[in-house]
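Structure, as structure tokens:
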Amino acid sequence: MLTTTRLTMFTILLAAGIADAQTATAVKSSTRAHVELLASGKLEGRLAGSPGEKLAAEYLVKELQRMGAKPLPGQADYRLPFSFTAGSKDAGSTITVQREGAPARTFDTREQVMALSYSDNGEVSGPVVFAGYGLVVPPNQNFSYDSYQGLDVKDKVVVVLRYFPEDADMQTRAAVARYSDLRYKAQAARQRGAKALVVITGPRSPNAGNTVPMTFDTALAGSGLVAASANGDVARAVFAAVPDKSLEAVQKEMDSGNPHVAGFAVPGLTLTVKANVARERQTGHNVAGYFPASLTATGVDKPWVVIGAHYDHLGRGTTGSSLASKEQAGQVHHGADDNASGTSAVLAIADALSKQPRKRNLMVAFWSAEELGLIGSNHFVTTPPVPTTEMAAYLNFDMVGRSSDNKLTVQATGSSPMWPRMLEQANVAAGFDLILQEDPYQPTDVSSFNQAGVASLAFFTGAHVDYHKPTDTAERINYEDLDRIAEFATGITRRLLDLEQSPQFTKVEQKTEGGGRAGMRIFTGTIPDYATEVKGLLLGGVIGGGPAEQAGLQKGDVIVEIAAQSIANIYDYTYALELLKIGQPAKVVYMRNGERRETQLTPAARK
Ligand SMILES: [Zn+2]
């Protein structure tokens, strides 16, 4: 039992403790000023390669200098420039249709012909083979589908329909949907020796008769094939050479989904396809510095610990993956959560650790062009200023400013058996409701380091309705929790800096489900909450005016079934999306407050 004096002392100490805690909350946030600056209108949304990106980089360099960080070994500057494809546009593709005994017709407007973004540039001519939907589904036990069966397309120009058979039953749609991505179709044509691929959108499909808009697809440059999409004018000119059949009739046959309906060579017809894709090159800048080990590094196996975050965002949302509404189009996408929050967390961690003794070098890195496909971090790990084999661990921070209900998600924990325990120990003091996810194949820079074989973690507080919209602004950030996350991660970084044996790297097998992108033509207006692991698909929100909102769905609902497909996770959901048809209501079963409900959702077309 305590004596009264000691009890009094204890009470006083306790009171003092509380008082401390109270002043502590009034203490300046370690992250707020950084977020407010980076997300300010002056930086114009920090699009990689833009003046706003350079201003942001300048700020980060100044911060590194202020803290006393050095440029990386062998580097004169903190800025690490890299060049990348900032976009592509059609610079004059044409298709010439030449029927035997008739004058040639050339189609040359952008409404008529549009190269696919990953086409090779060049001009090729050849006889024409129509290969239906151009689908090749690897045979499995109960299904196979090969549009090229019985067709010789070597040195020919292959014409295919976009999408996949419109009238096929659910099972067939399910089997072929993921192979209907134009990338797969181009690959299938090339592997069979075709010279060129021409894609037309059939009269019975969505976007009938239109060309395929050129996507911003940086990773796919150079498919080894001349590939273009063509509109209804071109399609009609081609099918005029087909005896006795209209394009619509041909498509209708294909649309049954019967794998035995074959394509055919088009007699007496030559197509000349000229593809001209102009790719715009730009320079982006990673920013990195380091704090050298201050203690004699006896016993540490790998001398580097890396913490990082991407600092680029979408600019005004004109390229890439903006989710701005029509009214918001062209506005600055502030990217306060994505990813001024992670950038600020890294700055706060670096600040906290800069003066402390350490056995390993602490590298502090800020990536650019993440939003365009992890380009900055990819460039870094493929041409690393420091060998990746010398990196003990990488910690990534992307979207850590919107914590709610004390939740914090840590991803990529499967990359080392050491992570779960280390996180649990560090969390004793921090007290988060931690959600651990093993999968390191995340849509953020942690993927680059995982690919490079570095044990990694990614911190994340979840998607929200402002994701990739101009409304992702600084005043919506939960600074109290952002500071706590930085503090929590500071503790983990400290351990890593002094740990003798670094976390052993484990390769996690990549899930193949959900790889199909055919579902992308469907718009449901749901915003999945990727951070929370529930059975089903938890909605982090719905897009205003979208099909999900119209169906009465709202944030917090858990979709467990859609179109008769049970949904256990995000992969099931993306897979089920491929089975939906635009304009055709689908039954959705969902849980709200523990109650099972049903509604009808009518998917719209994505533009
Ligand atoms: Zn983003």
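Residues in the structure tokens are named by chain (A, B, ... in the order shown) and by number from 1 within that chain; ligands are numbered from 1 in the order shown.
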What are the DSSP strand (DSSP E or B) residues of range 203-440 of chain A, as number ranges by chain? A: 226-230, 264-275, 277-291, 304-310, 313, 361-367, 391-397, 407-411, 433-437
Please give me, as a PyMOL selection string, the residues lying within 9 Å of ligand 1 when counting only C-alpha atoms and all ligand atoms. chain A and resi 312-314+321-322+335+337-339+370-372+398-399+443-444+467-468
My list of candidates is A:Asp529, A:Glu58, A:Glu166, A:Glu475. Which is closest to Leu43 in chain A when distances are computed with only C-alpha atoms?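 Result for the nearest residue to Leu43 in chain A: A:Glu58.
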Fewer than 3 positions away in the same chain doesn't count, so skip those; otherwise give me all residues within 6 Å of Phe291 in chain A, counting only C-alpha atoms, as an mmCIF file with C-alpha atoms, in the first residue's frame.
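The file below, out12.cif, is the result:
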data_model
loop_
_atom_site.group_PDB
_atom_site.id
_atom_site.type_symbol
_atom_site.label_atom_id
_atom_site.label_comp_id
_atom_site.auth_asym_id
_atom_site.auth_seq_id
_atom_site.Cartn_x
_atom_site.Cartn_y
_atom_site.Cartn_z
ATOM 1 C CA ALA A 69 21.237 15.872 -44.348
ATOM 2 C CA ASN A 361 22.736 5.557 -42.475
ATOM 3 C CA LEU A 362 19.255 7.009 -42.648
#
In Å and to one decimal, CA of Glu248 in chain A is distant from CA of Val160 in chain A by 13.4 Å
For the contact check between range 110-183 of chain A and range 92-98 of chain A, emit one row per residue of range 110-183 of chain A within 12 Å, containing the shortest atom pair and the distance in Å rounded to one decimal, counting only C-alpha atoms, chain then rising number order, as CSV.
residue,atom,partner,partner_atom,distance
A:Arg110,CA,A:Gly92,CA,7.7
A:Glu111,CA,A:Ser93,CA,10.8
A:Gln112,CA,A:Thr94,CA,8.3
A:Val113,CA,A:Thr94,CA,6.1
A:Met114,CA,A:Ser93,CA,6.3
A:Ala115,CA,A:Ser93,CA,6.2
A:Leu116,CA,A:Ser93,CA,10.0
A:Ser117,CA,A:Ser93,CA,11.6
A:Ser119,CA,A:Ser93,CA,10.7
A:Asp120,CA,A:Ser93,CA,11.3
A:Asn121,CA,A:Ser93,CA,9.1
A:Gly122,CA,A:Ser93,CA,9.3
A:Glu123,CA,A:Thr94,CA,9.0
A:Val124,CA,A:Ile95,CA,9.8
A:Ser125,CA,A:Thr96,CA,8.9
A:Gly126,CA,A:Gln98,CA,10.1
A:Pro127,CA,A:Gln98,CA,9.7
A:Val128,CA,A:Val97,CA,10.0
A:Val157,CA,A:Ile95,CA,11.1
A:Val159,CA,A:Ile95,CA,12.0
With only C-alpha atoms as the atoms that count, which of A:Leu601, A:Leu577, A:Ala188, A:Ala104 lies nearest to Pro138 in chain A?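 Answer, going by the shortest atom-to-atom distance: A:Ala188.
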Please identify all polymer residues within 8 Å of range 456-461 of chain A, counting only C-alpha atoms, omitting same-chain residues fewer than 5 positions from it, and present them as a JSON list (two decimals) with all heavy atoms, in the first residue's frame.
[["chain", "number", "residue", "atom", "x", "y", "z"],
["A", 393, "ALA", "N", 15.95, -1.92, -44.89],
["A", 393, "ALA", "CA", 14.49, -1.83, -44.91],
["A", 393, "ALA", "C", 14.06, -0.53, -45.59],
["A", 393, "ALA", "O", 14.83, 0.43, -45.65],
["A", 393, "ALA", "CB", 13.93, -1.87, -43.50],
["A", 394, "TYR", "N", 12.83, -0.55, -46.09],
["A", 394, "TYR", "CA", 12.22, 0.66, -46.65],
["A", 394, "TYR", "C", 10.84, 0.88, -46.03],
["A", 394, "TYR", "O", 10.03, -0.05, -45.98],
["A", 394, "TYR", "CB", 12.07, 0.53, -48.18],
["A", 394, "TYR", "CG", 11.26, 1.67, -48.77],
["A", 394, "TYR", "CD1", 11.78, 2.97, -48.79],
["A", 394, "TYR", "CD2", 9.98, 1.46, -49.28],
["A", 394, "TYR", "CE1", 11.04, 4.02, -49.30],
["A", 394, "TYR", "CE2", 9.24, 2.52, -49.79],
["A", 394, "TYR", "CZ", 9.78, 3.80, -49.80],
["A", 394, "TYR", "OH", 9.04, 4.85, -50.29],
["A", 395, "LEU", "N", 10.60, 2.08, -45.54],
["A", 395, "LEU", "CA", 9.28, 2.43, -45.01],
["A", 395, "LEU", "C", 8.64, 3.49, -45.91],
["A", 395, "LEU", "O", 9.24, 4.52, -46.20],
["A", 395, "LEU", "CB", 9.39, 2.99, -43.58],
["A", 395, "LEU", "CG", 10.08, 2.12, -42.53],
["A", 395, "LEU", "CD1", 9.93, 2.77, -41.15],
["A", 395, "LEU", "CD2", 9.51, 0.71, -42.50],
["A", 396, "ASN", "N", 7.42, 3.20, -46.35],
["A", 396, "ASN", "CA", 6.72, 4.09, -47.28],
["A", 396, "ASN", "C", 5.50, 4.74, -46.62],
["A", 396, "ASN", "O", 4.80, 4.09, -45.84],
["A", 396, "ASN", "CB", 6.25, 3.28, -48.50],
["A", 396, "ASN", "CG", 5.72, 4.15, -49.62],
["A", 396, "ASN", "OD1", 6.48, 4.86, -50.26],
["A", 396, "ASN", "ND2", 4.41, 4.10, -49.84],
["A", 397, "PHE", "N", 5.26, 5.99, -46.96],
["A", 397, "PHE", "CA", 4.12, 6.71, -46.40],
["A", 397, "PHE", "C", 3.32, 7.32, -47.54],
["A", 397, "PHE", "O", 3.82, 8.20, -48.25],
["A", 397, "PHE", "CB", 4.61, 7.80, -45.44],
["A", 397, "PHE", "CG", 5.43, 7.23, -44.33],
["A", 397, "PHE", "CD1", 6.79, 6.96, -44.52],
["A", 397, "PHE", "CD2", 4.85, 6.91, -43.11],
["A", 397, "PHE", "CE1", 7.55, 6.39, -43.50],
["A", 397, "PHE", "CE2", 5.60, 6.34, -42.10],
["A", 397, "PHE", "CZ", 6.95, 6.07, -42.29],
["A", 398, "ASP", "N", 2.13, 6.81, -47.77],
["A", 398, "ASP", "CA", 1.30, 7.34, -48.85],
["A", 398, "ASP", "C", -0.14, 7.40, -48.36],
["A", 398, "ASP", "O", -0.74, 6.37, -48.09],
["A", 398, "ASP", "CB", 1.41, 6.44, -50.09],
["A", 398, "ASP", "CG", 0.80, 7.10, -51.33],
["A", 398, "ASP", "OD1", 0.27, 8.22, -51.21],
["A", 398, "ASP", "OD2", 0.87, 6.48, -52.41],
["A", 399, "MET", "N", -0.66, 8.61, -48.25],
["A", 399, "MET", "CA", -2.02, 8.84, -47.73],
["A", 399, "MET", "C", -2.14, 8.40, -46.28],
["A", 399, "MET", "O", -2.75, 7.39, -45.98],
["A", 399, "MET", "CB", -3.06, 8.15, -48.63],
["A", 399, "MET", "CG", -3.07, 8.72, -50.04],
["A", 399, "MET", "SD", -4.22, 7.86, -51.14],
["A", 399, "MET", "CE", -5.78, 8.26, -50.37],
["A", 400, "VAL", "N", -1.57, 9.19, -45.42],
["A", 400, "VAL", "CA", -1.60, 8.88, -43.99],
["A", 400, "VAL", "C", -2.26, 10.00, -43.19],
["A", 400, "VAL", "O", -2.10, 10.09, -41.98],
["A", 400, "VAL", "CB", -0.18, 8.60, -43.44],
["A", 400, "VAL", "CG1", 0.31, 7.24, -43.90],
["A", 400, "VAL", "CG2", 0.82, 9.68, -43.87],
["A", 401, "GLY", "N", -3.02, 10.85, -43.88],
["A", 401, "GLY", "CA", -3.60, 12.01, -43.21],
["A", 401, "GLY", "C", -5.08, 11.95, -42.92],
["A", 401, "GLY", "O", -5.68, 12.90, -42.46],
["A", 402, "ARG", "N", -5.71, 10.81, -43.19],
["A", 402, "ARG", "CA", -7.16, 10.75, -43.01],
["A", 402, "ARG", "C", -7.56, 9.62, -42.07],
["A", 402, "ARG", "O", -8.58, 8.95, -42.28],
["A", 402, "ARG", "CB", -7.84, 10.57, -44.36],
["A", 402, "ARG", "CG", -7.76, 11.79, -45.27],
["A", 402, "ARG", "CD", -8.59, 12.93, -44.70],
["A", 402, "ARG", "NE", -8.84, 13.95, -45.71],
["A", 402, "ARG", "CZ", -9.95, 14.04, -46.44],
["A", 402, "ARG", "NH1", -10.92, 13.17, -46.29],
["A", 402, "ARG", "NH2", -10.09, 15.00, -47.32],
["A", 403, "SER", "N", -6.75, 9.43, -41.03],
["A", 403, "SER", "CA", -7.08, 8.38, -40.06],
["A", 403, "SER", "C", -8.42, 8.70, -39.41],
["A", 403, "SER", "O", -8.72, 9.84, -39.11],
["A", 403, "SER", "CB", -5.98, 8.31, -39.01],
["A", 403, "SER", "OG", -6.38, 7.49, -37.95],
["A", 404, "SER", "N", -9.23, 7.66, -39.23],
["A", 404, "SER", "CA", -10.45, 7.85, -38.45],
["A", 404, "SER", "C", -10.59, 6.65, -37.52],
["A", 404, "SER", "O", -10.06, 5.57, -37.80],
["A", 404, "SER", "CB", -11.66, 7.99, -39.36],
["A", 404, "SER", "OG", -11.86, 6.80, -40.08],
["A", 407, "LYS", "N", -7.70, 4.18, -36.56],
["A", 407, "LYS", "CA", -7.22, 3.08, -37.41],
["A", 407, "LYS", "C", -5.97, 3.47, -38.21],
["A", 407, "LYS", "O", -5.88, 4.57, -38.72],
["A", 407, "LYS", "CB", -8.32, 2.65, -38.39],
["A", 407, "LYS", "CG", -9.33, 1.71, -37.76],
["A", 407, "LYS", "CD", -10.27, 1.13, -38.80],
["A", 407, "LYS", "CE", -11.21, 2.18, -39.35],
["A", 407, "LYS", "NZ", -12.26, 1.61, -40.20],
["A", 408, "LEU", "N", -5.07, 2.53, -38.30],
["A", 408, "LEU", "CA", -3.89, 2.70, -39.15],
["A", 408, "LEU", "C", -3.60, 1.37, -39.85],
["A", 408, "LEU", "O", -3.49, 0.33, -39.21],
["A", 408, "LEU", "CB", -2.67, 3.13, -38.31],
["A", 408, "LEU", "CG", -1.33, 3.16, -39.06],
["A", 408, "LEU", "CD1", -1.35, 4.16, -40.22],
["A", 408, "LEU", "CD2", -0.17, 3.49, -38.11],
["A", 409, "THR", "N", -3.48, 1.44, -41.17],
["A", 409, "THR", "CA", -3.19, 0.24, -41.94],
["A", 409, "THR", "C", -1.70, 0.19, -42.25],
["A", 409, "THR", "O", -1.12, 1.20, -42.65],
["A", 409, "THR", "CB", -3.99, 0.26, -43.26],
["A", 409, "THR", "OG1", -5.36, 0.29, -42.94],
["A", 409, "THR", "CG2", -3.70, -0.98, -44.09],
["A", 410, "VAL", "N", -1.11, -0.96, -42.05],
["A", 410, "VAL", "CA", 0.28, -1.16, -42.45],
["A", 410, "VAL", "C", 0.30, -2.32, -43.43],
["A", 410, "VAL", "O", -0.13, -3.43, -43.13],
["A", 410, "VAL", "CB", 1.20, -1.44, -41.25],
["A", 410, "VAL", "CG1", 2.65, -1.46, -41.71],
["A", 410, "VAL", "CG2", 1.01, -0.39, -40.17],
["A", 411, "GLN", "N", 0.76, -2.00, -44.65],
["A", 411, "GLN", "CA", 0.76, -2.98, -45.73],
["A", 411, "GLN", "C", 2.15, -3.53, -45.99],
["A", 411, "GLN", "O", 3.13, -2.97, -45.50],
["A", 411, "GLN", "CB", 0.23, -2.31, -47.01],
["A", 411, "GLN", "CG", -1.19, -1.79, -46.85],
["A", 411, "GLN", "CD", -1.58, -0.83, -47.95],
["A", 411, "GLN", "OE1", -0.78, -0.03, -48.41],
["A", 411, "GLN", "NE2", -2.83, -0.92, -48.38],
["A", 412, "ALA", "N", 2.21, -4.58, -46.76],
["A", 412, "ALA", "CA", 3.47, -5.22, -47.16],
["A", 412, "ALA", "C", 4.13, -5.96, -46.01],
["A", 412, "ALA", "O", 5.31, -6.27, -46.07],
["A", 412, "ALA", "CB", 4.45, -4.21, -47.78],
["A", 413, "THR", "N", 3.36, -6.27, -44.97],
["A", 413, "THR", "CA", 3.97, -6.94, -43.81],
["A", 413, "THR", "C", 4.47, -8.35, -44.15],
["A", 413, "THR", "O", 5.26, -8.91, -43.42],
["A", 413, "THR", "CB", 2.98, -7.05, -42.63],
["A", 413, "THR", "OG1", 1.84, -7.78, -43.07],
["A", 413, "THR", "CG2", 2.56, -5.68, -42.14],
["A", 415, "SER", "N", 6.49, -8.92, -46.39],
["A", 415, "SER", "CA", 7.83, -8.83, -46.97],
["A", 415, "SER", "C", 8.94, -9.22, -46.00],
["A", 415, "SER", "O", 10.09, -9.37, -46.38],
["A", 415, "SER", "CB", 8.09, -7.42, -47.54],
["A", 415, "SER", "OG", 8.12, -6.47, -46.50],
["A", 416, "SER", "N", 8.60, -9.38, -44.72],
["A", 416, "SER", "CA", 9.57, -9.93, -43.76],
["A", 416, "SER", "C", 8.84, -10.55, -42.58],
["A", 416, "SER", "O", 7.87, -9.98, -42.08],
["A", 416, "SER", "CB", 10.52, -8.85, -43.24],
["A", 416, "SER", "OG", 11.33, -9.40, -42.21],
["A", 440, "PRO", "N", 2.44, -6.94, -50.53],
["A", 440, "PRO", "CA", 3.31, -5.80, -50.84],
["A", 440, "PRO", "C", 3.06, -5.20, -52.23],
["A", 440, "PRO", "O", 3.66, -4.19, -52.58],
["A", 440, "PRO", "CB", 4.71, -6.42, -50.78],
["A", 440, "PRO", "CG", 4.49, -7.83, -51.22],
["A", 440, "PRO", "CD", 3.09, -8.22, -50.81],
["A", 446, "VAL", "N", 5.98, 1.39, -52.47],
["A", 446, "VAL", "CA", 6.48, 0.22, -51.75],
["A", 446, "VAL", "C", 6.67, -0.96, -52.72],
["A", 446, "VAL", "O", 7.56, -1.79, -52.53],
["A", 446, "VAL", "CB", 5.53, -0.16, -50.58],
["A", 446, "VAL", "CG1", 4.30, -0.92, -51.07],
["A", 446, "VAL", "CG2", 6.26, -0.96, -49.52],
["A", 449, "PHE", "N", 10.23, -1.15, -54.15],
["A", 449, "PHE", "CA", 11.23, -1.69, -53.24],
["A", 449, "PHE", "C", 11.02, -3.18, -53.01],
["A", 449, "PHE", "O", 11.98, -3.94, -52.87],
["A", 449, "PHE", "CB", 11.23, -0.90, -51.92],
["A", 449, "PHE", "CG", 11.95, 0.41, -52.07],
["A", 449, "PHE", "CD1", 11.30, 1.52, -52.61],
["A", 449, "PHE", "CD2", 13.28, 0.53, -51.74],
["A", 449, "PHE", "CE1", 11.97, 2.72, -52.79],
["A", 449, "PHE", "CE2", 13.97, 1.72, -51.91],
["A", 449, "PHE", "CZ", 13.30, 2.82, -52.44],
["A", 450, "ASN", "N", 9.77, -3.59, -52.98],
["A", 450, "ASN", "CA", 9.50, -5.02, -52.86],
["A", 450, "ASN", "C", 10.06, -5.77, -54.06],
["A", 450, "ASN", "O", 10.68, -6.82, -53.92],
["A", 450, "ASN", "CB", 7.99, -5.24, -52.72],
["A", 450, "ASN", "CG", 7.65, -6.71, -52.62],
["A", 450, "ASN", "OD1", 8.03, -7.39, -51.67],
["A", 450, "ASN", "ND2", 6.98, -7.23, -53.65],
["A", 531, "ALA", "N", -8.49, -0.11, -47.03],
["A", 531, "ALA", "CA", -7.68, -0.25, -45.81],
["A", 531, "ALA", "C", -8.26, -1.24, -44.82],
["A", 531, "ALA", "O", -7.53, -1.86, -44.07],
["A", 531, "ALA", "CB", -7.54, 1.11, -45.14]]
Given only C-alpha atoms as the counted atoms, nearest of A:Phe164, A:Asp445, A:Thr283, A:Lys156 to Asn378 in chain A: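 Residue with the minimum atom-to-atom distance to Asn378 in chain A: A:Asp445.
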For Gly232 in chain A, please output as a ChimeraX atom specification all residues within 12 Å (counting only C-alpha atoms; exclusion window: fewer than 4 positions along the same chain). /A:107,111-113,161,199-204,207-212,236-240,247-248
May I have the selected residues written with N, CA and C atoms, as a PDB file, in the first residue's frame?
ATOM      1  N   PHE A 107      -8.342   7.205 -94.734  1.00  0.00           N
ATOM      2  CA  PHE A 107      -9.005   7.842 -93.587  1.00  0.00           C
ATOM      3  C   PHE A 107      -7.913   8.455 -92.716  1.00  0.00           C
ATOM      4  N   GLU A 111     -11.068  11.494 -85.693  1.00  0.00           N
ATOM      5  CA  GLU A 111     -12.331  10.795 -85.440  1.00  0.00           C
ATOM      6  C   GLU A 111     -12.302   9.426 -86.098  1.00  0.00           C
ATOM      7  N   GLN A 112     -11.550   9.312 -87.202  1.00  0.00           N
ATOM      8  CA  GLN A 112     -11.566   8.073 -87.979  1.00  0.00           C
ATOM      9  C   GLN A 112     -10.504   7.068 -87.527  1.00  0.00           C
ATOM     10  N   VAL A 113      -9.338   7.572 -87.215  1.00  0.00           N
ATOM     11  CA  VAL A 113      -8.221   6.681 -86.880  1.00  0.00           C
ATOM     12  C   VAL A 113      -7.462   7.234 -85.679  1.00  0.00           C
ATOM     13  N   LEU A 161     -12.847  -6.820 -83.082  1.00  0.00           N
ATOM     14  CA  LEU A 161     -13.826  -6.020 -82.359  1.00  0.00           C
ATOM     15  C   LEU A 161     -13.298  -5.694 -80.969  1.00  0.00           C
ATOM     16  N   VAL A 199      -8.527  -2.091 -84.408  1.00  0.00           N
ATOM     17  CA  VAL A 199      -9.634  -2.367 -83.498  1.00  0.00           C
ATOM     18  C   VAL A 199     -10.828  -1.520 -83.899  1.00  0.00           C
ATOM     19  N   ILE A 200     -11.983  -2.176 -84.044  1.00  0.00           N
ATOM     20  CA  ILE A 200     -13.203  -1.404 -84.298  1.00  0.00           C
ATOM     21  C   ILE A 200     -14.205  -1.705 -83.182  1.00  0.00           C
ATOM     22  N   THR A 201     -15.033  -0.710 -82.865  1.00  0.00           N
ATOM     23  CA  THR A 201     -16.055  -0.914 -81.849  1.00  0.00           C
ATOM     24  C   THR A 201     -17.356  -1.207 -82.569  1.00  0.00           C
ATOM     25  N   GLY A 202     -17.828  -2.438 -82.405  1.00  0.00           N
ATOM     26  CA  GLY A 202     -18.976  -2.907 -83.176  1.00  0.00           C
ATOM     27  C   GLY A 202     -20.237  -2.111 -82.906  1.00  0.00           C
ATOM     28  N   PRO A 203     -21.182  -2.147 -83.867  1.00  0.00           N
ATOM     29  CA  PRO A 203     -22.431  -1.397 -83.713  1.00  0.00           C
ATOM     30  C   PRO A 203     -23.290  -1.879 -82.545  1.00  0.00           C
ATOM     31  N   ARG A 204     -23.029  -3.080 -82.027  1.00  0.00           N
ATOM     32  CA  ARG A 204     -23.830  -3.602 -80.923  1.00  0.00           C
ATOM     33  C   ARG A 204     -23.156  -3.394 -79.566  1.00  0.00           C
ATOM     34  N   ASN A 207     -20.138   2.619 -76.946  1.00  0.00           N
ATOM     35  CA  ASN A 207     -19.223   3.456 -77.735  1.00  0.00           C
ATOM     36  C   ASN A 207     -19.162   3.016 -79.203  1.00  0.00           C
ATOM     37  N   ALA A 208     -20.304   2.492 -79.677  1.00  0.00           N
ATOM     38  CA  ALA A 208     -20.364   1.943 -81.038  1.00  0.00           C
ATOM     39  C   ALA A 208     -19.796   2.911 -82.070  1.00  0.00           C
ATOM     40  N   GLY A 209     -18.941   2.374 -82.943  1.00  0.00           N
ATOM     41  CA  GLY A 209     -18.432   3.163 -84.057  1.00  0.00           C
ATOM     42  C   GLY A 209     -17.383   4.195 -83.693  1.00  0.00           C
ATOM     43  N   ASN A 210     -16.986   4.233 -82.415  1.00  0.00           N
ATOM     44  CA  ASN A 210     -15.978   5.232 -82.019  1.00  0.00           C
ATOM     45  C   ASN A 210     -14.582   4.624 -81.965  1.00  0.00           C
ATOM     46  N   THR A 211     -13.597   5.494 -82.119  1.00  0.00           N
ATOM     47  CA  THR A 211     -12.230   5.045 -81.890  1.00  0.00           C
ATOM     48  C   THR A 211     -12.003   4.931 -80.382  1.00  0.00           C
ATOM     49  N   VAL A 212     -10.906   4.296 -80.015  1.00  0.00           N
ATOM     50  CA  VAL A 212     -10.553   4.136 -78.601  1.00  0.00           C
ATOM     51  C   VAL A 212      -9.719   5.352 -78.195  1.00  0.00           C
ATOM     52  N   ARG A 236     -17.028   0.255 -91.994  1.00  0.00           N
ATOM     53  CA  ARG A 236     -17.955   0.011 -93.105  1.00  0.00           C
ATOM     54  C   ARG A 236     -17.199  -0.216 -94.411  1.00  0.00           C
ATOM     55  N   ALA A 237     -16.129   0.554 -94.617  1.00  0.00           N
ATOM     56  CA  ALA A 237     -15.334   0.390 -95.837  1.00  0.00           C
ATOM     57  C   ALA A 237     -14.700  -0.997 -95.892  1.00  0.00           C
ATOM     58  N   VAL A 238     -14.278  -1.505 -94.732  1.00  0.00           N
ATOM     59  CA  VAL A 238     -13.674  -2.839 -94.684  1.00  0.00           C
ATOM     60  C   VAL A 238     -14.742  -3.900 -94.936  1.00  0.00           C
ATOM     61  N   PHE A 239     -15.869  -3.769 -94.259  1.00  0.00           N
ATOM     62  CA  PHE A 239     -16.888  -4.818 -94.361  1.00  0.00           C
ATOM     63  C   PHE A 239     -17.675  -4.760 -95.669  1.00  0.00           C
ATOM     64  N   ALA A 240     -17.508  -3.662 -96.413  1.00  0.00           N
ATOM     65  CA  ALA A 240     -18.110  -3.610 -97.750  1.00  0.00           C
ATOM     66  C   ALA A 240     -17.502  -4.686 -98.643  1.00  0.00           C
ATOM     67  N   LEU A 247     -21.609  -5.617 -91.160  1.00  0.00           N
ATOM     68  CA  LEU A 247     -20.819  -5.680 -89.931  1.00  0.00           C
ATOM     69  C   LEU A 247     -21.701  -6.066 -88.756  1.00  0.00           C
ATOM     70  N   GLU A 248     -22.902  -5.494 -88.720  1.00  0.00           N
ATOM     71  CA  GLU A 248     -23.807  -5.783 -87.614  1.00  0.00           C
ATOM     72  C   GLU A 248     -24.155  -7.270 -87.552  1.00  0.00           C
TER      73      GLU A 248
END
Write down as a PyMOL selection string the residues belonging to range 290-417 of chain A that are assigned helix (DSSP H, G or I) by DSSP computed on the backbone. chain A and resi 326-328+336-353+375-382+388-390+413-415
Interatomic distance between CA of Phe488 in chain A and CA of Ile349 in chain A?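 Distance between the two atoms: 9.2 Å.
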Calculated over only C-alpha atoms, which of the candidates A:Ser294, A:Asn427, A:Ser447, A:Thr106 has the smallest distance to Glu487 in chain A?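 With only C-alpha atoms as the atom set, the closest residue is A:Asn427.
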So, with only C-alpha atoms as the atoms that count, which of A:Val381, A:Ala288, A:Ala39, A:Val508 lies closest to Ala57 in chain A?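 Ranked by minimum distance to Ala57 in chain A, first place goes to A:Ala288.
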